[in-house]
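Asker: There's a structure below that I have some questions on.
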Amino acid sequence: MAETETEATVGQPFKDEMSECFIRNYFESSANEDELPLRAENEVGEKQRWKHDDILALRDLMKQEKVLKPDFEDTFLVRCLRARSFDYENAHELIKNYNKLHISSPHLFSPPHKLSDVFEDKVFTILPQRTDCDETILVIAAGRWSCLKYDFDTALSALVATLELVSTDVFTQICGIVAIIDMSQFNWVQLRSFGPLQAKKMAHIIEEALPIRFKAIHIVNDSLLTYIAYSIIKPFLSQELRSKIEFHKNNFQAVHRMIPPQSLPSEIGSGTTVND
């Protein structure tokens, strides 16, 4: 029987708001859960017979860091191991970065009920459908960011909450995330609120401080402002993540080959809206 991983992480930013029932019922049926052990081995190098030893080995590394909390749940450590393909050193570095972020920027771990403005704007949406490869689909509608109503850190906090929530889903841990960034309606006012400091913070969080894996990032409805925004964040992205980014303008064929059009918002070439 496949495992269920819905324990709250250290800091527990959404323990009361986001329940185990939510994760279990939100996503539509996908791959057979009985296939997960094999998928985990192929995708992230996880071997069931060694997993307990992997957790102990990671805890041994953590004991060397007095600043790390000793009460990390095993489920959280497995998330970090999966996000780093069971490389102990890299998983350890991820946990240190996650812990440092909690200490230095606790406001980025605000509970979702304090981020209602962002979620009502539908800036970040997790689709209930997955890709044909069972990857989780994250839609970022950059043009919906009401930067005159709430600042960049508030929007970033909503992204952190969203990613932390889906990172508790075992399919997401193993199969990864595909992001679709819709740049329609992105304007100069929003661009002026996105400088090097904001870009560096965002890049650090999504690459180095959360137990997630992005498999691909598709940017659609891109314009000149998109390329200016990308030029700001590009220096802070690893070469590996840069290689996963594709620009499509308003040609959605490549996206539709991976994700059925009926699963996507109308801005990305389907007949539904992000509010559906």
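Letters for chains follow the order of the structure tokens (A, B, ...), residue numbers begin at 1 for each chain, and ligand numbers begin at 1 in the order shown.
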Do you know which residues are at most 12 Å from Gln48 of chain A counting only C-alpha atoms, after dropping those on the same chain fewer than 3 positions away, and could you put them as a ChimeraX atom specification?
Answerer: /A:2-3,36-42,44-45,51-55,78,86
Asker: Kindly save the residues from that selection, with C-alpha atoms included, as a PDB file, in the first residue's frame.
Answerer:
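Wrote result_26.pdb, looks like this:
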ATOM      1  CA  ALA A   2       1.402   3.417  -0.916  1.00  0.00           C
ATOM      2  CA  GLU A   3       2.375   5.842   1.765  1.00  0.00           C
ATOM      3  CA  LEU A  36       4.914   4.606  -6.721  1.00  0.00           C
ATOM      4  CA  PRO A  37       7.876   2.632  -5.303  1.00  0.00           C
ATOM      5  CA  LEU A  38       9.140   1.906  -8.813  1.00  0.00           C
ATOM      6  CA  ARG A  39       8.436   5.467  -9.927  1.00  0.00           C
ATOM      7  CA  ALA A  40      10.318   6.774  -6.877  1.00  0.00           C
ATOM      8  CA  GLU A  41      13.345   4.657  -7.700  1.00  0.00           C
ATOM      9  CA  ASN A  42      13.376   5.744 -11.335  1.00  0.00           C
ATOM     10  CA  VAL A  44      14.585  10.258  -7.535  1.00  0.00           C
ATOM     11  CA  GLY A  45      16.741   7.207  -6.800  1.00  0.00           C
ATOM     12  CA  LYS A  51      14.834   4.519   3.069  1.00  0.00           C
ATOM     13  CA  HIS A  52      15.000   4.113   6.843  1.00  0.00           C
ATOM     14  CA  ASP A  53      18.814   4.128   6.661  1.00  0.00           C
ATOM     15  CA  ASP A  54      18.683   7.174   4.379  1.00  0.00           C
ATOM     16  CA  ILE A  55      16.661   9.069   6.994  1.00  0.00           C
ATOM     17  CA  VAL A  78      11.862  12.237   3.003  1.00  0.00           C
ATOM     18  CA  PHE A  86      18.590  11.153  -2.154  1.00  0.00           C
TER      19      PHE A  86
END
Asker: If we count only C-alpha atoms and set the cut-off at 6 Å, which residues sit around segment 167-180 of chain A, ignoring sequence neighbours fewer than 4 positions away in its own chain? Please answer as a VMD selection string.
Answerer: chain A and resid 5 to 6 40 135 to 139 163 213 to 219
Asker: One number please: atom CA of Pro260 of chain A to atom CA of Leu225 of chain A, in Å, one decimal.
Answerer: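 According to the coordinates, atom CA of Pro260 of chain A and atom CA of Leu225 of chain A are separated by 27.9 Å.
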Asker: Kindly give the distance, in Å, that separates atom CA of Thr154 of chain A and atom CA of Lys122 of chain A, rounded to a single decimal.
Answerer: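 That distance, rounded to one decimal, is 13.6 Å.
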Asker: Set the distance at 12 Å and use only C-alpha atoms: which residues neighbour Ser146 of chain A once local chain neighbours fewer than 5 positions away are removed? I'd like the list as JSON, numbers by chain.
Answerer: {"A": [117, 118, 119, 120, 121, 122, 123, 141, 151, 152, 154, 155, 185, 186, 187, 189, 190, 191, 193]}
Asker: Using DSSP secondary structure from the backbone, list all alpha helix (DSSP H) positions within segment 87-230 of chain A, as a PyMOL selection string.
Answerer: chain A and resi 88-104+116-120+152-166+170-175+188-192+196-204+224-230
Asker: Do you know which residues are at most 12 Å from Ile95 of chain A counting only C-alpha atoms, after dropping those on the same chain fewer than 6 positions away, and could you put them as number ranges by chain?
Answerer: A: 9-10, 58-59, 61-62, 65, 67-70, 72-73, 76-81, 83-84, 88-89, 101-102, 205, 208-212
Asker: In terms of the shortest atom-to-atom distance over only C-alpha atoms, which of A:Trp188, A:Phe252, A:Phe194, A:Phe236 is closest to Asn221 of chain A?
Answerer: A:Phe252
Asker: Can you pull out every residue within 10 Å of Gly195 of chain A, counting only C-alpha atoms, but drop anything in the same chain fewer than 6 positions away, and send it as a list in words?
Answerer: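 Skipping anything fewer than 6 positions along the chain leaves Ala229, Ile232 and Ile233 of chain A.
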Asker: Create the file for the chosen residues now, containing C-alpha atoms and written as a compact mmCIF listing (two decimals), in the first residue's frame.
Answerer:
# COMPACT_ATOMS: atom_id res chain seq x y z
CA ALA A 229 11.61 40.67 -15.92
CA ILE A 232 16.37 40.60 -13.79
CA ILE A 233 15.97 37.11 -12.32
Asker: Pick the closest to Glu46 of chain A from A:Glu93, A:Asp71, A:Ser85, A:Gln64: which is it, counting only C-alpha atoms?
Answerer: A:Ser85
Asker: DSSP on the backbone: which residues in segment 199-252 of chain A end up as strand (DSSP E)? Give the answer as a list in words.
Answerer: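 Filtering segment 199-252 of chain A down to strand (DSSP E) leaves Phe214, Lys215, Ala216, Ile217, His218, Ile219, Val220, Ile245, Glu246, Phe247, His248 and Lys249 of chain A.
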Asker: Between A:Leu108, A:Tyr150, A:Asn99, A:Leu156, which one has atoms that come closest to Phe124 of chain A, using only C-alpha atoms?
Answerer: A:Leu156
Asker: How many Å lie between atom CA of Ser223 of chain A and atom CA of Lys249 of chain A, rounded to one decimal?
Answerer: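 Distance between the two atoms: 7.2 Å.
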